[in-house]
>>> print(open('model.pdb').read())   # PDB, C-alpha atoms
ATOM      1  CA  MET A   1     -40.542 130.489 -71.335  1.00  0.00           C
ATOM      2  CA  SER A   2     -42.717 133.524 -71.836  1.00  0.00           C
ATOM      3  CA  VAL A   3     -42.190 137.208 -72.388  1.00  0.00           C
ATOM      4  CA  PRO A   4     -43.501 139.323 -69.489  1.00  0.00           C
ATOM      5  CA  SER A   5     -47.189 140.143 -69.557  1.00  0.00           C
ATOM      6  CA  VAL A   6     -46.322 143.845 -69.649  1.00  0.00           C
ATOM      7  CA  GLN A   7     -47.056 145.021 -73.171  1.00  0.00           C
ATOM      8  CA  PRO A   8     -44.589 147.462 -74.727  1.00  0.00           C
ATOM      9  CA  ASP A   9     -45.727 151.031 -75.233  1.00  0.00           C
ATOM     10  CA  PRO A  10     -45.280 152.254 -78.794  1.00  0.00           C
ATOM     11  CA  TRP A  11     -42.068 154.214 -79.212  1.00  0.00           C
ATOM     12  CA  PRO A  12     -43.811 157.362 -80.495  1.00  0.00           C
ATOM     13  CA  ALA A  13     -45.287 157.652 -76.974  1.00  0.00           C
ATOM     14  CA  ALA A  14     -41.806 157.746 -75.458  1.00  0.00           C
ATOM     15  CA  ARG A  15     -41.264 161.221 -74.085  1.00  0.00           C
ATOM     16  CA  SER A  16     -38.106 162.950 -73.126  1.00  0.00           C
ATOM     17  CA  GLY A  17     -37.553 165.856 -70.813  1.00  0.00           C
ATOM     18  CA  ARG A  18     -35.261 168.771 -71.491  1.00  0.00           C
ATOM     19  CA  ASP A  19     -32.246 166.706 -70.521  1.00  0.00           C
ATOM     20  CA  GLY A  20     -33.172 163.518 -72.363  1.00  0.00           C
ATOM     21  CA  MET A  21     -34.919 160.299 -71.404  1.00  0.00           C
ATOM     22  CA  ARG A  22     -34.621 158.247 -68.203  1.00  0.00           C
ATOM     23  CA  LEU A  23     -34.354 154.666 -69.450  1.00  0.00           C
ATOM     24  CA  PHE A  24     -33.383 151.342 -67.949  1.00  0.00           C
ATOM     25  CA  PHE A  25     -32.832 147.738 -68.924  1.00  0.00           C
ATOM     26  CA  ALA A  26     -34.657 145.465 -66.488  1.00  0.00           C
ATOM     27  CA  LEU A  27     -36.040 142.056 -65.705  1.00  0.00           C
ATOM     28  CA  TRP A  28     -39.832 142.188 -65.358  1.00  0.00           C
ATOM     29  CA  PRO A  29     -41.446 139.378 -63.337  1.00  0.00           C
ATOM     30  CA  GLN A  30     -44.080 137.062 -64.773  1.00  0.00           C
ATOM     31  CA  PRO A  31     -47.525 137.228 -63.101  1.00  0.00           C
ATOM     32  CA  SER A  32     -46.747 134.393 -60.662  1.00  0.00           C
ATOM     33  CA  ALA A  33     -43.481 136.011 -59.516  1.00  0.00           C
ATOM     34  CA  ARG A  34     -45.222 139.401 -59.302  1.00  0.00           C
ATOM     35  CA  ALA A  35     -47.917 137.874 -57.068  1.00  0.00           C
ATOM     36  CA  ALA A  36     -45.231 136.285 -54.865  1.00  0.00           C
ATOM     37  CA  LEU A  37     -43.426 139.638 -54.600  1.00  0.00           C
ATOM     38  CA  MET A  38     -46.646 141.370 -53.556  1.00  0.00           C
ATOM     39  CA  GLN A  39     -47.378 138.639 -51.019  1.00  0.00           C
ATOM     40  CA  HIS A  40     -43.881 139.066 -49.606  1.00  0.00           C
ATOM     41  CA  ALA A  41     -44.266 142.880 -49.460  1.00  0.00           C
ATOM     42  CA  GLY A  42     -47.455 142.342 -47.465  1.00  0.00           C
ATOM     43  CA  GLN A  43     -45.351 140.737 -44.712  1.00  0.00           C
ATOM     44  CA  TRP A  44     -43.359 143.919 -44.108  1.00  0.00           C
ATOM     45  CA  ARG A  45     -44.458 146.425 -41.473  1.00  0.00           C
ATOM     46  CA  PHE A  46     -44.604 149.781 -43.241  1.00  0.00           C
ATOM     47  CA  SER A  47     -45.581 153.061 -41.606  1.00  0.00           C
ATOM     48  CA  ALA A  48     -45.931 156.605 -42.928  1.00  0.00           C
ATOM     49  CA  PRO A  49     -44.356 158.056 -44.961  1.00  0.00           C
ATOM     50  CA  ALA A  50     -43.500 154.733 -46.657  1.00  0.00           C
ATOM     51  CA  ARG A  51     -44.646 154.402 -50.267  1.00  0.00           C
ATOM     52  CA  PRO A  52     -45.002 150.725 -51.268  1.00  0.00           C
ATOM     53  CA  THR A  53     -44.205 149.941 -54.895  1.00  0.00           C
ATOM     54  CA  PRO A  54     -47.328 149.258 -56.975  1.00  0.00           C
ATOM     55  CA  SER A  55     -47.505 145.759 -58.457  1.00  0.00           C
ATOM     56  CA  ASP A  56     -47.048 146.915 -62.054  1.00  0.00           C
ATOM     57  CA  LYS A  57     -43.791 148.715 -61.180  1.00  0.00           C
ATOM     58  CA  LEU A  58     -42.002 145.759 -59.567  1.00  0.00           C
ATOM     59  CA  HIS A  59     -38.839 144.899 -61.517  1.00  0.00           C
ATOM     60  CA  LEU A  60     -35.103 144.325 -61.167  1.00  0.00           C
ATOM     61  CA  THR A  61     -33.046 147.079 -62.813  1.00  0.00           C
ATOM     62  CA  LEU A  62     -29.998 145.857 -64.706  1.00  0.00           C
ATOM     63  CA  LEU A  63     -28.724 149.206 -66.003  1.00  0.00           C
ATOM     64  CA  PHE A  64     -30.058 152.740 -65.534  1.00  0.00           C
ATOM     65  CA  MET A  65     -29.471 155.403 -68.192  1.00  0.00           C
ATOM     66  CA  ASP A  66     -30.330 159.077 -67.651  1.00  0.00           C
ATOM     67  CA  GLY A  67     -30.172 161.948 -70.126  1.00  0.00           C
ATOM     68  CA  VAL A  68     -30.546 159.639 -73.130  1.00  0.00           C
ATOM     69  CA  PRO A  69     -31.451 161.390 -76.403  1.00  0.00           C
ATOM     70  CA  GLU A  70     -34.411 159.940 -78.314  1.00  0.00           C
ATOM     71  CA  SER A  71     -32.049 159.320 -81.215  1.00  0.00           C
ATOM     72  CA  SER A  72     -30.445 156.546 -79.108  1.00  0.00           C
ATOM     73  CA  LEU A  73     -33.646 154.465 -78.811  1.00  0.00           C
ATOM     74  CA  GLN A  74     -32.891 152.331 -81.861  1.00  0.00           C
ATOM     75  CA  VAL A  75     -29.309 151.772 -80.699  1.00  0.00           C
ATOM     76  CA  LEU A  76     -30.591 150.578 -77.319  1.00  0.00           C
ATOM     77  CA  ALA A  77     -33.218 148.354 -78.959  1.00  0.00           C
ATOM     78  CA  ASP A  78     -30.496 146.774 -81.097  1.00  0.00           C
ATOM     79  CA  ILE A  79     -28.334 146.237 -78.003  1.00  0.00           C
ATOM     80  CA  GLY A  80     -31.231 144.651 -76.096  1.00  0.00           C
ATOM     81  CA  GLN A  81     -32.183 142.344 -78.951  1.00  0.00           C
ATOM     82  CA  HIS A  82     -28.588 141.256 -79.581  1.00  0.00           C
ATOM     83  CA  ILE A  83     -27.749 140.586 -75.936  1.00  0.00           C
ATOM     84  CA  ALA A  84     -31.039 138.811 -75.174  1.00  0.00           C
ATOM     85  CA  ALA A  85     -30.457 136.457 -78.118  1.00  0.00           C
ATOM     86  CA  GLN A  86     -27.180 135.341 -76.529  1.00  0.00           C
ATOM     87  CA  ALA A  87     -28.019 135.381 -72.805  1.00  0.00           C
ATOM     88  CA  PRO A  88     -29.560 132.253 -71.280  1.00  0.00           C
ATOM     89  CA  GLY A  89     -32.637 132.435 -69.088  1.00  0.00           C
ATOM     90  CA  PHE A  90     -31.942 131.743 -65.411  1.00  0.00           C
ATOM     91  CA  ARG A  91     -33.556 131.377 -61.996  1.00  0.00           C
ATOM     92  CA  LEU A  92     -33.436 134.085 -59.364  1.00  0.00           C
ATOM     93  CA  GLN A  93     -33.865 133.212 -55.709  1.00  0.00           C
ATOM     94  CA  LEU A  94     -34.821 136.386 -53.828  1.00  0.00           C
ATOM     95  CA  ASP A  95     -34.091 135.453 -50.234  1.00  0.00           C
ATOM     96  CA  THR A  96     -32.754 138.611 -48.558  1.00  0.00           C
ATOM     97  CA  ALA A  97     -35.232 141.183 -47.218  1.00  0.00           C
ATOM     98  CA  ALA A  98     -33.520 144.338 -46.054  1.00  0.00           C
ATOM     99  CA  LEU A  99     -33.593 148.105 -45.860  1.00  0.00           C
ATOM    100  CA  TRP A 100     -31.177 150.754 -47.074  1.00  0.00           C
ATOM    101  CA  PRO A 101     -31.699 153.386 -44.369  1.00  0.00           C
ATOM    102  CA  ARG A 102     -30.207 156.081 -46.586  1.00  0.00           C
ATOM    103  CA  GLY A 103     -33.086 156.777 -48.932  1.00  0.00           C
ATOM    104  CA  GLY A 104     -35.385 154.411 -47.057  1.00  0.00           C
ATOM    105  CA  ILE A 105     -35.466 151.706 -49.730  1.00  0.00           C
ATOM    106  CA  ALA A 106     -37.092 148.439 -48.621  1.00  0.00           C
ATOM    107  CA  TYR A 107     -35.964 145.665 -50.956  1.00  0.00           C
ATOM    108  CA  LEU A 108     -35.772 141.967 -51.710  1.00  0.00           C
ATOM    109  CA  ALA A 109     -32.563 140.597 -53.224  1.00  0.00           C
ATOM    110  CA  PRO A 110     -30.700 137.385 -54.004  1.00  0.00           C
ATOM    111  CA  SER A 111     -28.083 136.512 -51.368  1.00  0.00           C
ATOM    112  CA  GLN A 112     -26.165 134.692 -54.110  1.00  0.00           C
ATOM    113  CA  PRO A 113     -26.853 136.359 -57.471  1.00  0.00           C
ATOM    114  CA  PRO A 114     -26.543 133.827 -60.300  1.00  0.00           C
ATOM    115  CA  ARG A 115     -23.554 134.274 -62.602  1.00  0.00           C
ATOM    116  CA  GLU A 116     -25.955 134.645 -65.539  1.00  0.00           C
ATOM    117  CA  LEU A 117     -27.351 137.787 -63.912  1.00  0.00           C
ATOM    118  CA  ALA A 118     -23.890 139.329 -63.525  1.00  0.00           C
ATOM    119  CA  SER A 119     -22.996 138.344 -67.106  1.00  0.00           C
ATOM    120  CA  LEU A 120     -26.189 139.910 -68.480  1.00  0.00           C
ATOM    121  CA  ARG A 121     -25.549 143.143 -66.581  1.00  0.00           C
ATOM    122  CA  GLN A 122     -21.919 143.260 -67.754  1.00  0.00           C
ATOM    123  CA  ALA A 123     -22.858 142.656 -71.395  1.00  0.00           C
ATOM    124  CA  LEU A 124     -25.378 145.518 -71.258  1.00  0.00           C
ATOM    125  CA  LEU A 125     -22.892 147.812 -69.522  1.00  0.00           C
ATOM    126  CA  ASP A 126     -20.162 147.077 -72.087  1.00  0.00           C
ATOM    127  CA  ALA A 127     -22.476 147.595 -75.062  1.00  0.00           C
ATOM    128  CA  VAL A 128     -24.011 150.824 -73.739  1.00  0.00           C
ATOM    129  CA  ARG A 129     -20.574 152.180 -72.853  1.00  0.00           C
ATOM    130  CA  GLN A 130     -19.272 151.331 -76.335  1.00  0.00           C
ATOM    131  CA  ALA A 131     -22.303 153.046 -77.926  1.00  0.00           C
ATOM    132  CA  GLY A 132     -21.617 156.198 -75.915  1.00  0.00           C
ATOM    133  CA  VAL A 133     -25.025 156.211 -74.204  1.00  0.00           C
ATOM    134  CA  PRO A 134     -25.010 157.997 -70.811  1.00  0.00           C
ATOM    135  CA  HIS A 135     -25.433 155.461 -68.014  1.00  0.00           C
ATOM    136  CA  ASP A 136     -25.016 154.800 -64.309  1.00  0.00           C
ATOM    137  CA  ALA A 137     -21.819 152.821 -63.816  1.00  0.00           C
ATOM    138  CA  ARG A 138     -22.103 152.373 -60.030  1.00  0.00           C
ATOM    139  CA  ALA A 139     -21.575 148.901 -58.601  1.00  0.00           C
ATOM    140  CA  PHE A 140     -24.440 146.529 -59.421  1.00  0.00           C
ATOM    141  CA  ARG A 141     -26.594 145.653 -56.400  1.00  0.00           C
ATOM    142  CA  PRO A 142     -29.417 143.509 -57.799  1.00  0.00           C
ATOM    143  CA  HIS A 143     -32.682 144.007 -55.939  1.00  0.00           C
ATOM    144  CA  VAL A 144     -36.419 144.588 -56.286  1.00  0.00           C
ATOM    145  CA  THR A 145     -37.591 147.788 -54.582  1.00  0.00           C
ATOM    146  CA  LEU A 146     -40.648 147.063 -52.420  1.00  0.00           C
ATOM    147  CA  ALA A 147     -41.097 150.560 -50.958  1.00  0.00           C
ATOM    148  CA  ARG A 148     -39.498 153.978 -50.834  1.00  0.00           C
ATOM    149  CA  ARG A 149     -39.319 156.421 -47.912  1.00  0.00           C
ATOM    150  CA  ALA A 150     -39.521 153.350 -45.659  1.00  0.00           C
ATOM    151  CA  GLN A 151     -36.826 154.218 -43.099  1.00  0.00           C
ATOM    152  CA  ALA A 152     -38.999 152.904 -40.256  1.00  0.00           C
ATOM    153  CA  ALA A 153     -40.063 149.690 -42.034  1.00  0.00           C
ATOM    154  CA  LEU A 154     -39.487 146.274 -40.508  1.00  0.00           C
ATOM    155  CA  PRO A 155     -38.867 143.283 -42.785  1.00  0.00           C
ATOM    156  CA  PRO A 156     -40.362 139.904 -41.947  1.00  0.00           C
ATOM    157  CA  GLU A 157     -38.161 137.841 -39.643  1.00  0.00           C
ATOM    158  CA  ALA A 158     -38.779 134.683 -41.669  1.00  0.00           C
ATOM    159  CA  PHE A 159     -40.311 134.209 -45.101  1.00  0.00           C
ATOM    160  CA  VAL A 160     -40.436 131.914 -48.097  1.00  0.00           C
ATOM    161  CA  PRO A 161     -37.950 133.125 -50.731  1.00  0.00           C
ATOM    162  CA  VAL A 162     -39.413 134.358 -54.004  1.00  0.00           C
ATOM    163  CA  ALA A 163     -38.362 132.184 -56.947  1.00  0.00           C
ATOM    164  CA  TRP A 164     -38.337 133.919 -60.303  1.00  0.00           C
ATOM    165  CA  LEU A 165     -37.520 132.574 -63.744  1.00  0.00           C
ATOM    166  CA  ALA A 166     -35.793 135.424 -65.583  1.00  0.00           C
ATOM    167  CA  ASP A 167     -36.624 134.708 -69.203  1.00  0.00           C
ATOM    168  CA  ALA A 168     -36.912 138.134 -70.852  1.00  0.00           C
ATOM    169  CA  LEU A 169     -35.081 141.444 -70.987  1.00  0.00           C
ATOM    170  CA  SER A 170     -36.977 144.749 -71.126  1.00  0.00           C
ATOM    171  CA  LEU A 171     -36.120 148.316 -72.067  1.00  0.00           C
ATOM    172  CA  ALA A 172     -38.264 150.707 -70.035  1.00  0.00           C
ATOM    173  CA  GLN A 173     -38.688 154.408 -69.474  1.00  0.00           C
ATOM    174  CA  SER A 174     -39.402 156.348 -66.320  1.00  0.00           C
ATOM    175  CA  VAL A 175     -42.017 158.655 -67.845  1.00  0.00           C
ATOM    176  CA  PRO A 176     -41.453 162.280 -66.800  1.00  0.00           C
ATOM    177  CA  GLY A 177     -44.132 163.794 -64.611  1.00  0.00           C
ATOM    178  CA  SER A 178     -46.274 160.650 -64.507  1.00  0.00           C
ATOM    179  CA  GLY A 179     -44.693 158.444 -61.832  1.00  0.00           C
ATOM    180  CA  ARG A 180     -45.099 155.454 -64.150  1.00  0.00           C
ATOM    181  CA  TYR A 181     -42.819 153.161 -66.093  1.00  0.00           C
ATOM    182  CA  ALA A 182     -43.414 152.409 -69.755  1.00  0.00           C
ATOM    183  CA  VAL A 183     -41.975 149.202 -71.202  1.00  0.00           C
ATOM    184  CA  LEU A 184     -40.725 150.253 -74.628  1.00  0.00           C
ATOM    185  CA  ASP A 185     -39.566 146.843 -75.833  1.00  0.00           C
ATOM    186  CA  ASN A 186     -38.803 143.375 -74.540  1.00  0.00           C
ATOM    187  CA  TRP A 187     -36.945 140.331 -75.832  1.00  0.00           C
ATOM    188  CA  ARG A 188     -36.974 136.686 -74.814  1.00  0.00           C
ATOM    189  CA  LEU A 189     -33.670 135.465 -73.414  1.00  0.00           C
ATOM    190  CA  ALA A 190     -32.052 132.520 -75.181  1.00  0.00           C
ATOM    191  CA  GLN A 191     -32.841 129.013 -73.939  1.00  0.00           C
ATOM    192  CA  GLY A 192     -30.505 127.830 -71.188  1.00  0.00           C
ATOM    193  CA  ARG A 193     -27.306 126.268 -72.541  1.00  0.00           C
TER     194      ARG A 193
END
>>> encode(input="model.pdb", output="structure tokens")
Amino acid sequence: MSVPSVQPDPWPAARSGRDGMRLFFALWPQPSARAALMQHAGQWRFSAPARPTPSDKLHLTLLFMDGVPESSLQVLADIGQHIAAQAPGFRLQLDTAALWPRGGIAYLAPSQPPRELASLRQALLDAVRQAGVPHDARAFRPHVTLARRAQAALPPEAFVPVAWLADALSLAQSVPGSGRYAVLDNWRLAQGR
């Protein structure tokens, strides 16, 4: 198993806005899964004002955290390292292409999320909650966002599901004012048990 090809940005480059940092734990696809996701996105019919997700931003968010003080970065790195060392790698089968009309999010998701995915999300949620880090506790709806503002988009009627080996956990930042994501750290998940 390999760590994603996305290289972490050095922590000193992490920037926070007035109200703290926008961070998230995520699964980042390997190059082959990223290529399959882009190929799948190319089968959608998007029209203006849809904004397709650039290849380097494709990911599956496990837990979003907003308003995080920089002083919490080490705590979150410790959480990520500890949980990744205990969580087995697993396969994702992204076989549901759909649209959330509210917000216009075009996405690809697993129709049957693996239990390892739910366990990983729950472990992160529990640890972040215990550490007192601000986080989004809404129900987990695992998906990869393919486009935003895509209310008029049409998904493909039939397609080959995207298979993805989830073998690493990442901590990333939504960089204020840049529209980009910076991977701050990543950790290999434990071998399957």
>>> resolve_selection(input="model.pdb", expression="the PyMOL selection byres ((chain A and resi 37) around 9)", output="PyMOL selection string")
chain A and resi 29+32-36+38-42+55+58+108+144+146+162
>>> residues_near_point(input="model.pdb", point="(-41.1, 154.6, -51.9)", cutoff="10 Å", atoms="all atoms listed in the file", output="list in words")
Pro49, Ala50, Arg51, Pro52, Thr53, Pro54, Gly103, Gly104, Ile105, Ala106, Thr145, Leu146, Ala147, Arg148, Arg149, Ala150 and Gln151 of chain A
>>> residues_around(input="model.pdb", residues="range 114-130 of chain A", least_positions_apart="2", cutoff="6 Å", atoms="only C-alpha atoms", output="list in words")
Leu62, Gly132 and Val133 of chain A
>>> resolve_selection(input="model.pdb", expression="the PyMOL selection byres ((chain A and resi 182) around 7)", output="VMD selection string")
chain A and resid 9 172 to 175 180 to 181 183 to 184
>>> resolve_selection(input="model.pdb", expression="the PyMOL selection byres ((chain A and resi 22) around 12)", output="short mmCIF file (atom, residue, chain, number, x, y, z; two decimals) with C-alpha atoms, keeping the file's coordinate frame")
data_model
loop_
_atom_site.label_atom_id
_atom_site.label_comp_id
_atom_site.auth_asym_id
_atom_site.auth_seq_id
_atom_site.Cartn_x
_atom_site.Cartn_y
_atom_site.Cartn_z
CA ALA A 14 -41.81 157.75 -75.46
CA ARG A 15 -41.26 161.22 -74.08
CA SER A 16 -38.11 162.95 -73.13
CA GLY A 17 -37.55 165.86 -70.81
CA ARG A 18 -35.26 168.77 -71.49
CA ASP A 19 -32.25 166.71 -70.52
CA GLY A 20 -33.17 163.52 -72.36
CA MET A 21 -34.92 160.30 -71.40
CA LEU A 23 -34.35 154.67 -69.45
CA PHE A 24 -33.38 151.34 -67.95
CA PHE A 25 -32.83 147.74 -68.92
CA LEU A 63 -28.72 149.21 -66.00
CA PHE A 64 -30.06 152.74 -65.53
CA MET A 65 -29.47 155.40 -68.19
CA ASP A 66 -30.33 159.08 -67.65
CA GLY A 67 -30.17 161.95 -70.13
CA VAL A 68 -30.55 159.64 -73.13
CA PRO A 69 -31.45 161.39 -76.40
CA GLU A 70 -34.41 159.94 -78.31
CA SER A 72 -30.44 156.55 -79.11
CA LEU A 73 -33.65 154.46 -78.81
CA VAL A 133 -25.02 156.21 -74.20
CA PRO A 134 -25.01 158.00 -70.81
CA HIS A 135 -25.43 155.46 -68.01
CA ASP A 136 -25.02 154.80 -64.31
CA LEU A 171 -36.12 148.32 -72.07
CA ALA A 172 -38.26 150.71 -70.04
CA GLN A 173 -38.69 154.41 -69.47
CA SER A 174 -39.40 156.35 -66.32
CA VAL A 175 -42.02 158.66 -67.84
CA PRO A 176 -41.45 162.28 -66.80
CA GLY A 177 -44.13 163.79 -64.61
CA GLY A 179 -44.69 158.44 -61.83
CA ARG A 180 -45.10 155.45 -64.15
CA TYR A 181 -42.82 153.16 -66.09
CA ALA A 182 -43.41 152.41 -69.76
CA LEU A 184 -40.72 150.25 -74.63
#
>>> atom_distance(input="model.pdb", atom1="CA of Leu169 in chain A", atom2="CA of Trp44 in chain A")
28.2 Å
>>> atom_distance(input="model.pdb", atom1="CA of Asp56 in chain A", atom2="CA of Pro101 in chain A")
24.3 Å
>>> atom_distance(input="model.pdb", atom1="CA of Gly80 in chain A", atom2="CA of Gln30 in chain A")
18.7 Å
>>> closest_residue(input="model.pdb", among="A:Val160, A:Ala168, A:Ala190, A:Leu99", to="Phe46 in chain A", atoms="all atoms listed in the file")
A:Leu99
>>> residues_near_point(input="model.pdb", point="(-33.8, 135.4, -48.3)", cutoff="7 Å", atoms="all atoms listed in the file", output="mmCIF file with C-alpha atoms, in the coordinates of the input")
data_model
loop_
_atom_site.group_PDB
_atom_site.id
_atom_site.type_symbol
_atom_site.label_atom_id
_atom_site.label_comp_id
_atom_site.auth_asym_id
_atom_site.auth_seq_id
_atom_site.Cartn_x
_atom_site.Cartn_y
_atom_site.Cartn_z
ATOM 1 C CA LEU A 94 -34.821 136.386 -53.828
ATOM 2 C CA ASP A 95 -34.091 135.453 -50.234
ATOM 3 C CA THR A 96 -32.754 138.611 -48.558
ATOM 4 C CA ALA A 97 -35.232 141.183 -47.218
ATOM 5 C CA PRO A 110 -30.700 137.385 -54.004
ATOM 6 C CA SER A 111 -28.083 136.512 -51.368
ATOM 7 C CA PRO A 161 -37.950 133.125 -50.731
#
>>> closest_residue(input="model.pdb", among="A:Ala98, A:Ser71, A:Ala109, A:Ala166", to="Phe140 in chain A", atoms="all atoms listed in the file")
A:Ala109
>>> closest_residue(input="model.pdb", among="A:Ala77, A:Leu27, A:Arg138, A:Gln43", to="Glu157 in chain A", atoms="only C-alpha atoms")
A:Gln43
>>> build_atoms(input="model.pdb", residues="range 183-191 of chain A", atoms="all heavy atoms", output="tab-separated table (two decimals), keeping the file's coordinate frame")
chain	number	residue	atom	x	y	z
A	183	VAL	N	-42.84	150.19	-70.56
A	183	VAL	CA	-41.98	149.20	-71.20
A	183	VAL	C	-41.99	149.52	-72.69
A	183	VAL	O	-43.04	149.47	-73.34
A	183	VAL	CB	-42.44	147.76	-70.93
A	183	VAL	CG1	-41.60	146.76	-71.71
A	183	VAL	CG2	-42.37	147.46	-69.43
A	184	LEU	N	-40.82	149.87	-73.23
A	184	LEU	CA	-40.72	150.25	-74.63
A	184	LEU	C	-40.51	149.06	-75.54
A	184	LEU	O	-40.95	149.06	-76.69
A	184	LEU	CB	-39.58	151.26	-74.82
A	184	LEU	CG	-39.69	152.54	-73.97
A	184	LEU	CD1	-38.48	153.43	-74.21
A	184	LEU	CD2	-40.99	153.27	-74.27
A	185	ASP	N	-39.81	148.05	-75.04
A	185	ASP	CA	-39.57	146.84	-75.83
A	185	ASP	C	-39.14	145.73	-74.89
A	185	ASP	O	-38.66	145.99	-73.78
A	185	ASP	CB	-38.47	147.10	-76.87
A	185	ASP	CG	-38.69	146.31	-78.16
A	185	ASP	OD1	-39.39	145.27	-78.12
A	185	ASP	OD2	-38.16	146.73	-79.20
A	186	ASN	N	-39.31	144.50	-75.30
A	186	ASN	CA	-38.80	143.38	-74.54
A	186	ASN	C	-38.43	142.24	-75.48
A	186	ASN	O	-38.95	142.14	-76.58
A	186	ASN	CB	-39.73	142.93	-73.41
A	186	ASN	CG	-41.13	142.66	-73.87
A	186	ASN	OD1	-41.34	141.98	-74.87
A	186	ASN	ND2	-42.11	143.19	-73.16
A	187	TRP	N	-37.49	141.41	-75.02
A	187	TRP	CA	-36.94	140.33	-75.83
A	187	TRP	C	-36.78	139.09	-74.97
A	187	TRP	O	-36.31	139.16	-73.84
A	187	TRP	CB	-35.57	140.71	-76.38
A	187	TRP	CG	-35.56	142.04	-77.08
A	187	TRP	CD1	-35.83	142.28	-78.39
A	187	TRP	CD2	-35.29	143.31	-76.49
A	187	TRP	NE1	-35.74	143.61	-78.65
A	187	TRP	CE2	-35.42	144.27	-77.51
A	187	TRP	CE3	-34.95	143.73	-75.20
A	187	TRP	CZ2	-35.20	145.63	-77.29
A	187	TRP	CZ3	-34.76	145.08	-74.97
A	187	TRP	CH2	-34.88	146.01	-76.00
A	188	ARG	N	-37.15	137.96	-75.52
A	188	ARG	CA	-36.97	136.69	-74.81
A	188	ARG	C	-35.50	136.36	-74.74
A	188	ARG	O	-34.76	136.53	-75.70
A	188	ARG	CB	-37.71	135.59	-75.58
A	188	ARG	CG	-37.72	134.25	-74.88
A	188	ARG	CD	-38.38	133.18	-75.74
A	188	ARG	NE	-39.69	133.58	-76.23
A	188	ARG	CZ	-40.81	133.49	-75.53
A	188	ARG	NH1	-40.78	133.03	-74.30
A	188	ARG	NH2	-41.96	133.86	-76.05
A	189	LEU	N	-35.05	135.93	-73.55
A	189	LEU	CA	-33.67	135.46	-73.41
A	189	LEU	C	-33.54	134.10	-74.10
A	189	LEU	O	-34.50	133.36	-74.23
A	189	LEU	CB	-33.28	135.35	-71.93
A	189	LEU	CG	-33.28	136.66	-71.14
A	189	LEU	CD1	-32.92	136.38	-69.69
A	189	LEU	CD2	-32.32	137.67	-71.74
A	190	ALA	N	-32.33	133.80	-74.52
A	190	ALA	CA	-32.05	132.52	-75.18
A	190	ALA	C	-32.37	131.37	-74.21
A	190	ALA	O	-32.34	131.53	-73.00
A	190	ALA	CB	-30.61	132.46	-75.62
A	191	GLN	N	-32.63	130.21	-74.76
A	191	GLN	CA	-32.84	129.01	-73.94
A	191	GLN	C	-31.56	128.73	-73.17
A	191	GLN	O	-30.47	129.05	-73.63
A	191	GLN	CB	-33.18	127.80	-74.82
A	191	GLN	CG	-34.43	127.96	-75.63
A	191	GLN	CD	-35.68	128.01	-74.75
A	191	GLN	OE1	-35.74	127.35	-73.73
A	191	GLN	NE2	-36.66	128.79	-75.16
